[in-house]
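J.: Before we start, here is the structure in question, set down as structure tokens.
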Amino acid sequence: MRLDVETTGAGPGRLLLLFCLLLLWCLATPARALVVSASDGLARGLELSRGLEIQRDASGQWRIGDVASGAQQHGFAPLEGPVEEGFSREAVWLRFSLARTPDAPARWLLRLRPPRIHEATLFAPDGRGGFVETPLGDARPFSAREIPDHNFVFPVDLSTEPAAYFLRLRNDGPSLRAELDLWQPAGFERDRTADYAIMGVLLGAVVLAVCMNLIFGAWLRDRLYAHYALYVLCIAALSVNRQGFAAEWFLGDRPERVAQTLLAVNCFFNMVGTAFMARIFQFRRHWRPAAQFFNAVVGYNFVAFVLALAGHHAAVAPWVTAGSAASTLFGAVFVCYLLFVRRQFQYLLPASAFATGTLLGLYGLLKLWLGDQMPGVTPDRMYWLGTMVHLILLNVAVADRTRRAERDYRAERERVLAVRLEAEQALEGTVARRTAELQQTNAALHEEIAARARLEARLRESLEVERQAIAQQREFVSMVSHEFRTPLTVIDGAAQSLDISKLGAEPVVKQRTERIRRAVQRLTMLIENILLADRLQPENRALRVDAIDLTALVRGLCESSHFPAASRLVLEVHDPVSTVRGDRALLEIALQNLMQNALKYSPAEHPVRVVLRQAGDAVQVDVIDRGPGVA
């Protein structure tokens, strides 16, 4: 009875001790082992989303002994779903236990996806208390992989007894995400063949789409098709890099370029895709700030592209992802605005193409997080499916754009034809009306031509009469001038004789003889001017050019007594002047008129200067008076 009391009294302490021991054993023991059978890993990979434990190594200096049996062995925590560590550069340790049934094969393949992990090292138990280290990751050459695949594949030998495996992961740039599945070699080979076949189909579709759109662009002279061809090439390049094929096909000996190339291709894809989206949805036409925002996104990705090529891809990667998320969100909101607010339903097909790719990508992420709880294919296959559907729908959208352009072209052509027919009918009416008007005008023109011909005949008759009258006038003038010269010469001679006679000394006689002689001179000058006017007629303008001593000619005119007050003429010859060629009679008349005008209008008490000087190859004659001048 006492024993019962003592046992009862000690019961709670023992239970507490047992609970603490059980808790320590749970922390020190790996999660329940995953036991695989002979039917697993053939049709599909056996996901390790359950049973994983994780521990983060901020220093990155831990060794396998520290996490397997050292101080860090108790720091593991259960992990539900895949590894999602974001852009952290810390090392991550995973622990899981594997075993097989006796009928299952010993050789298995552990596949790690996606192939964008910088360091991935598997520590498998060697059966003697140690571990076999298998390093992989894109930091190592592709030729160093024991299983040549675009993903990271570790060969493992499973025992029938549970054994703990450790996997160390670390990224340097891209977001760290990892999922594990287990395969038998035969099942893995079939799945691997399917992967390469899908990639081949994708690349074939890309080549076909690029060629067709380049042909369409050349035919239709629309640069959108060339832009879409570049966009498709960028999708293919991004898929090749994201799925690890670039490391296998192009960068097998340059593993340090894998992460850098992936980010550079991603930035270039963002540039081309952003510009293509703004172009196909015509952001500039609907809202210029939206186009300016997308131009800024293109510039942002260009800067990131340059920095990635310069080797700063690890620091730039988070900012590229943030920019992509912001531009995708903005583009989705604006396209929804165009569809549901502006009722621009012509953008429904391209919007469906972009939306389908985005939704399939989100479904792939949910599949990655929830595993078998989400139906469907693996996330990688979902990514490929989303890419194919996106390209198909986008091809349909671009083809629909061509169809709508052709429809609009036909409608416009029909409208132009209708306008042309209407214009032709109007033109025919106008031509008929103008033809009638032209006939009337021609009739009136013929009448006017006939009238003008009659007027021209009358004008010729008038001109002939005038010509005869002018000829008679000239003949009369010539006759009168000749007849006037003889009596004028007789009168002048008689006046001279009277002037030199005895009676000429008388003042009254001398005054009258001077008046007679001045009158004779005026009449002589008048006759000469009449004859000059006759010579200046157009049909009588032939000059009688001779060599003339201009000094003697001017001196003779100045010393002549033909002018009233000729004594006031003063001749000045500054330089010896050369002989000139001219019409002597016309020169005499011109100089006489100048001298007579100067004497007439110059004051009686002032002389009139006649100056001769040599001016280059010509002779200059100046007649200078003191008259009032011409206003």
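Letters A, B, ... mark the chains of the structure tokens in the order given; residue numbers begin at 1 per chain; ligand numbers begin at 1, in order shown.
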List as a ChimeraX atom specification the protein and nucleic acid residues near region 261-268 of chain A, meaning an atom at most 10 Å away when only C-alpha atoms are counted, but skip any in the same chain fewer than 5 places from it.
T.: /A:116,173-174,231,234-235,237-242,244,246-247,251,256,273-274,298,300-314,316-317,320-321,324
J.: So that I have them on file, write out the residues from the current selection with N, CA and C atoms, as a compact mmCIF listing (two decimals), in the first residue's frame.
T.:
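Listing of result.txt after writing:
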# COMPACT_ATOMS: atom_id res chain seq x y z
N ARG A 116 18.84 26.51 -61.66
CA ARG A 116 19.36 27.87 -61.49
C ARG A 116 19.86 28.03 -60.07
N GLY A 173 22.61 35.34 -56.77
CA GLY A 173 21.94 36.15 -57.79
C GLY A 173 20.47 35.82 -57.88
N PRO A 174 20.07 34.75 -58.60
CA PRO A 174 18.64 34.44 -58.72
C PRO A 174 18.04 34.03 -57.40
N TYR A 231 10.45 39.15 -80.15
CA TYR A 231 9.86 38.75 -78.86
C TYR A 231 9.84 37.23 -78.73
N CYS A 234 13.24 35.98 -77.98
CA CYS A 234 13.59 36.23 -76.58
C CYS A 234 12.92 35.20 -75.67
N ILE A 235 11.67 34.81 -75.96
CA ILE A 235 11.01 33.77 -75.16
C ILE A 235 11.78 32.46 -75.26
N ALA A 237 15.01 32.09 -75.99
CA ALA A 237 16.28 32.24 -75.27
C ALA A 237 16.08 32.17 -73.76
N LEU A 238 15.00 32.79 -73.27
CA LEU A 238 14.72 32.75 -71.84
C LEU A 238 14.38 31.33 -71.39
N SER A 239 13.61 30.61 -72.19
CA SER A 239 13.26 29.23 -71.83
C SER A 239 14.50 28.34 -71.81
N VAL A 240 15.37 28.52 -72.81
CA VAL A 240 16.59 27.72 -72.86
C VAL A 240 17.45 27.98 -71.63
N ASN A 241 17.53 29.23 -71.20
CA ASN A 241 18.35 29.55 -70.02
C ASN A 241 17.68 29.11 -68.73
N ARG A 242 16.38 29.35 -68.61
CA ARG A 242 15.68 29.01 -67.37
C ARG A 242 15.64 27.51 -67.14
N GLY A 244 17.91 25.36 -68.05
CA GLY A 244 19.24 24.78 -67.91
C GLY A 244 19.86 24.29 -69.19
N ALA A 246 21.01 26.11 -71.66
CA ALA A 246 22.13 26.95 -72.06
C ALA A 246 23.43 26.44 -71.46
N ALA A 247 23.38 26.00 -70.18
CA ALA A 247 24.58 25.45 -69.55
C ALA A 247 25.05 24.19 -70.25
N LEU A 251 27.29 26.92 -72.62
CA LEU A 251 28.19 27.38 -71.56
C LEU A 251 28.75 26.22 -70.75
N GLU A 256 30.78 30.00 -64.89
CA GLU A 256 30.65 31.29 -64.19
C GLU A 256 29.76 32.25 -64.96
N GLY A 273 9.82 42.56 -74.47
CA GLY A 273 8.44 42.26 -74.13
C GLY A 273 7.66 43.49 -73.70
N THR A 274 8.29 44.37 -72.91
CA THR A 274 7.61 45.59 -72.48
C THR A 274 7.28 46.48 -73.68
N VAL A 298 11.68 50.05 -70.01
CA VAL A 298 12.68 49.59 -70.99
C VAL A 298 14.05 50.14 -70.64
N TYR A 300 15.07 51.13 -67.71
CA TYR A 300 15.47 50.50 -66.45
C TYR A 300 16.10 49.14 -66.71
N ASN A 301 15.47 48.34 -67.56
CA ASN A 301 16.00 47.02 -67.87
C ASN A 301 17.27 47.10 -68.71
N PHE A 302 17.39 48.14 -69.52
CA PHE A 302 18.63 48.31 -70.29
C PHE A 302 19.80 48.57 -69.35
N VAL A 303 19.59 49.41 -68.35
CA VAL A 303 20.65 49.66 -67.37
C VAL A 303 21.00 48.37 -66.64
N ALA A 304 19.97 47.60 -66.24
CA ALA A 304 20.23 46.33 -65.57
C ALA A 304 20.96 45.36 -66.51
N PHE A 305 20.62 45.38 -67.78
CA PHE A 305 21.29 44.52 -68.77
C PHE A 305 22.78 44.85 -68.85
N VAL A 306 23.10 46.14 -68.89
CA VAL A 306 24.51 46.54 -68.94
C VAL A 306 25.23 46.14 -67.66
N LEU A 307 24.58 46.35 -66.51
CA LEU A 307 25.21 45.97 -65.24
C LEU A 307 25.41 44.46 -65.15
N ALA A 308 24.45 43.69 -65.67
CA ALA A 308 24.60 42.24 -65.66
C ALA A 308 25.78 41.81 -66.52
N LEU A 309 25.93 42.42 -67.68
CA LEU A 309 27.08 42.08 -68.53
C LEU A 309 28.40 42.50 -67.89
N ALA A 310 28.33 43.54 -67.05
CA ALA A 310 29.54 44.00 -66.37
C ALA A 310 29.90 43.14 -65.16
N GLY A 311 29.08 42.15 -64.82
CA GLY A 311 29.40 41.25 -63.71
C GLY A 311 28.69 41.55 -62.42
N HIS A 312 27.71 42.48 -62.43
CA HIS A 312 26.99 42.82 -61.19
C HIS A 312 25.63 42.14 -61.15
N HIS A 313 25.51 40.96 -61.73
CA HIS A 313 24.20 40.30 -61.83
C HIS A 313 23.64 39.91 -60.47
N ALA A 314 24.52 39.56 -59.53
CA ALA A 314 24.03 39.14 -58.21
C ALA A 314 23.33 40.29 -57.50
N VAL A 316 21.99 42.97 -58.99
CA VAL A 316 20.92 43.55 -59.80
C VAL A 316 19.68 42.68 -59.82
N ALA A 317 19.84 41.36 -59.61
CA ALA A 317 18.73 40.42 -59.79
C ALA A 317 17.47 40.78 -59.00
N VAL A 320 15.66 43.66 -60.73
CA VAL A 320 15.04 43.27 -62.00
C VAL A 320 13.71 42.58 -61.74
N THR A 321 13.69 41.68 -60.75
CA THR A 321 12.43 40.99 -60.44
C THR A 321 11.37 41.98 -59.96
N SER A 324 10.08 43.91 -62.95
CA SER A 324 9.20 43.08 -63.77
C SER A 324 7.82 42.95 -63.14
J.: Can you pull out every residue from region 125-370 of chain A that DSSP, working from the backbone, puts in strand (DSSP E or B), and format the result as a ChimeraX atom specification?
T.: /A:125,131-136,152-157,163-170,176-183
J.: Next, write the just-selected residues to a file, as an mmCIF file, in the first residue's frame, keeping C-alpha atoms as the atom set.
T.:
data_model
loop_
_atom_site.group_PDB
_atom_site.id
_atom_site.type_symbol
_atom_site.label_atom_id
_atom_site.label_comp_id
_atom_site.auth_asym_id
_atom_site.auth_seq_id
_atom_site.Cartn_x
_atom_site.Cartn_y
_atom_site.Cartn_z
ATOM 1 C CA PRO A 125 25.740 8.116 -46.198
ATOM 2 C CA PHE A 131 29.242 10.684 -46.170
ATOM 3 C CA VAL A 132 29.901 10.705 -49.892
ATOM 4 C CA GLU A 133 29.972 14.275 -51.244
ATOM 5 C CA THR A 134 28.522 14.952 -54.720
ATOM 6 C CA PRO A 135 28.895 18.636 -55.752
ATOM 7 C CA LEU A 136 26.702 20.078 -58.517
ATOM 8 C CA PHE A 152 20.847 18.650 -61.427
ATOM 9 C CA VAL A 153 20.682 14.857 -60.949
ATOM 10 C CA PHE A 154 22.383 13.001 -58.077
ATOM 11 C CA PRO A 155 22.789 9.206 -58.240
ATOM 12 C CA VAL A 156 21.967 7.630 -54.835
ATOM 13 C CA ASP A 157 22.149 4.056 -53.596
ATOM 14 C CA ALA A 163 19.421 6.726 -43.737
ATOM 15 C CA ALA A 164 19.729 10.499 -43.419
ATOM 16 C CA TYR A 165 20.793 12.571 -46.437
ATOM 17 C CA PHE A 166 21.943 16.192 -46.386
ATOM 18 C CA LEU A 167 21.759 18.700 -49.230
ATOM 19 C CA ARG A 168 23.539 22.049 -49.057
ATOM 20 C CA LEU A 169 22.158 24.827 -51.346
ATOM 21 C CA ARG A 170 23.316 28.366 -51.997
ATOM 22 C CA LEU A 176 16.704 30.363 -54.395
ATOM 23 C CA ARG A 177 13.920 27.887 -55.068
ATOM 24 C CA ALA A 178 14.281 24.138 -55.096
ATOM 25 C CA GLU A 179 12.156 21.041 -55.456
ATOM 26 C CA LEU A 180 13.284 17.431 -55.177
ATOM 27 C CA ASP A 181 11.913 14.255 -56.698
ATOM 28 C CA LEU A 182 13.185 10.703 -56.805
ATOM 29 C CA TRP A 183 13.319 8.517 -59.923
#
J.: Find the spatial neighbours of Asn597 (chain A), counting only C-alpha atoms, within a cut-off of 10 Å - ignore same-chain residues fewer than 6 positions away - and output them as a VMD selection string.
T.: chain A and resid 591 623 625 627
J.: Next, dump the selected residues to file, keeping only C-alpha atoms, as a short mmCIF file (atom, residue, chain, number, x, y, z; two decimals), in the first residue's frame.
T.:
data_model
loop_
_atom_site.label_atom_id
_atom_site.label_comp_id
_atom_site.auth_asym_id
_atom_site.auth_seq_id
_atom_site.Cartn_x
_atom_site.Cartn_y
_atom_site.Cartn_z
CA LEU A 591 26.31 121.37 -128.58
CA VAL A 623 28.67 123.55 -120.55
CA ASP A 625 26.29 128.46 -116.69
CA GLY A 627 21.34 129.95 -114.55
#
J.: When you look at region 570-583 of chain A with a cut-off of 8 Å (counting only C-alpha atoms), what residues show up, excluding the ones that are within fewer than 3 positions of it in the same chain? I need them as a ChimeraX atom specification.
T.: /A:543-551,554-555,558,567,586-587,607-614,618-619
J.: Based on the selection just made, write C-alpha atoms of those residues as a compact mmCIF listing (two decimals), in the first residue's frame.
T.:
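Now in out_25.txt:
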# COMPACT_ATOMS: atom_id res chain seq x y z
CA LEU A 543 24.65 107.50 -138.17
CA ARG A 544 27.22 109.11 -140.40
CA VAL A 545 30.28 108.35 -138.26
CA ASP A 546 33.58 110.13 -139.00
CA ALA A 547 36.74 111.05 -137.11
CA ILE A 548 36.15 114.43 -135.49
CA ASP A 549 38.53 116.90 -133.85
CA LEU A 550 36.20 117.80 -131.00
CA THR A 551 38.41 120.71 -129.84
CA VAL A 554 33.75 123.28 -130.11
CA ARG A 555 36.10 126.24 -130.76
CA CYS A 558 32.15 129.22 -129.66
CA SER A 567 30.81 136.58 -126.98
CA LEU A 586 24.30 115.67 -134.71
CA LEU A 587 27.13 116.67 -132.38
CA PRO A 607 30.08 134.10 -118.93
CA VAL A 608 29.21 130.54 -120.00
CA ARG A 609 32.13 128.14 -119.70
CA VAL A 610 32.63 125.32 -122.19
CA VAL A 611 35.16 122.85 -120.70
CA LEU A 612 36.81 119.97 -122.57
CA ARG A 613 38.76 117.28 -120.74
CA GLN A 614 39.98 113.74 -121.42
CA ALA A 618 36.29 109.37 -123.94
CA VAL A 619 36.18 113.14 -124.20
J.: Residues near region 60-77 of chain A, anyone? I mean within 8 Å using only C-alpha atoms, not counting same-chain ones fewer than 4 positions away, as a list of chain:residue names.
T.: A:Leu27, A:Ala28, A:Glu53, A:Ile54, A:Gln55, A:Glu90, A:Ala91, A:Arg95, A:Phe123, A:Phe166
J.: Could you turn the residues from that selection into a file that holds N, CA and C atoms, as an mmCIF file, in the first residue's frame?
T.:
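Output saved as selection-v1.cif:
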data_model
loop_
_atom_site.group_PDB
_atom_site.id
_atom_site.type_symbol
_atom_site.label_atom_id
_atom_site.label_comp_id
_atom_site.auth_asym_id
_atom_site.auth_seq_id
_atom_site.Cartn_x
_atom_site.Cartn_y
_atom_site.Cartn_z
ATOM 1 N N LEU A 27 13.933 15.879 -31.604
ATOM 2 C CA LEU A 27 14.770 16.908 -32.216
ATOM 3 C C LEU A 27 16.043 16.325 -32.797
ATOM 4 N N ALA A 28 16.565 15.280 -32.183
ATOM 5 C CA ALA A 28 17.820 14.688 -32.636
ATOM 6 C C ALA A 28 17.616 13.669 -33.735
ATOM 7 N N GLU A 53 13.521 18.705 -43.843
ATOM 8 C CA GLU A 53 13.841 19.605 -42.739
ATOM 9 C C GLU A 53 14.893 20.586 -43.235
ATOM 10 N N ILE A 54 14.809 21.804 -42.731
ATOM 11 C CA ILE A 54 15.658 22.883 -43.246
ATOM 12 C C ILE A 54 16.354 23.590 -42.115
ATOM 13 N N GLN A 55 17.547 24.084 -42.394
ATOM 14 C CA GLN A 55 18.318 24.898 -41.459
ATOM 15 C C GLN A 55 19.169 25.857 -42.283
ATOM 16 N N GLU A 90 22.415 33.256 -48.245
ATOM 17 C CA GLU A 90 22.796 32.344 -47.182
ATOM 18 C C GLU A 90 22.737 30.907 -47.686
ATOM 19 N N ALA A 91 23.587 30.075 -47.102
ATOM 20 C CA ALA A 91 23.538 28.646 -47.407
ATOM 21 C C ALA A 91 22.362 28.011 -46.678
ATOM 22 N N ARG A 95 17.641 18.265 -44.751
ATOM 23 C CA ARG A 95 17.840 16.902 -44.238
ATOM 24 C C ARG A 95 16.585 16.088 -44.527
ATOM 25 N N PHE A 123 25.171 15.140 -49.641
ATOM 26 C CA PHE A 123 25.975 14.308 -48.744
ATOM 27 C C PHE A 123 25.167 13.050 -48.461
ATOM 28 N N PHE A 166 21.842 14.749 -46.576
ATOM 29 C CA PHE A 166 21.943 16.192 -46.386
ATOM 30 C C PHE A 166 22.243 16.847 -47.741
#
J.: Any idea what's packed within 12 Å of Gly331 (chain A), counting only C-alpha atoms, ignoring anything in its chain fewer than 4 positions away? Could you give it as a list in words?
T.: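 Here the qualifying residues turn out to be Gly273, Thr274, Ala275, Phe276, Met277, Ala278, Arg279, Ile280, Phe281, Gln282, Phe283, Ala290, Ala291, Phe293, Phe294, Val297, Ser324, Ala325, Ala326, Ser327, Val335, Cys336, Tyr337, Leu338, Ala351, Phe354, Ala355 and Thr358 of chain A.
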J.: What are the DSSP alpha helix (DSSP H) residues of region 35-276 of chain A, as a PyMOL selection string?
T.: chain A and resi 64-68+185-220+223-242+245-249+258-276
J.: Could you state the separation of CA of Ser49 (chain A) and CA of Arg89 (chain A) in Å, given to one decimal place?
T.: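 If I compute the distance from CA of Ser49 (chain A) to CA of Arg89 (chain A), I get 22.2 Å.
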J.: Mind giving me the straight-line distance from CA of Val83 (chain A) to CA of His118 (chain A) in Å, one decimal?
T.: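 Value for the CA of Val83 (chain A)-CA of His118 (chain A) distance: 14.6 Å.
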J.: Between CA of Glu506 (chain A) and CA of Pro603 (chain A), what is the distance in Å, rounded to a tenth?
T.: 28.2 Å
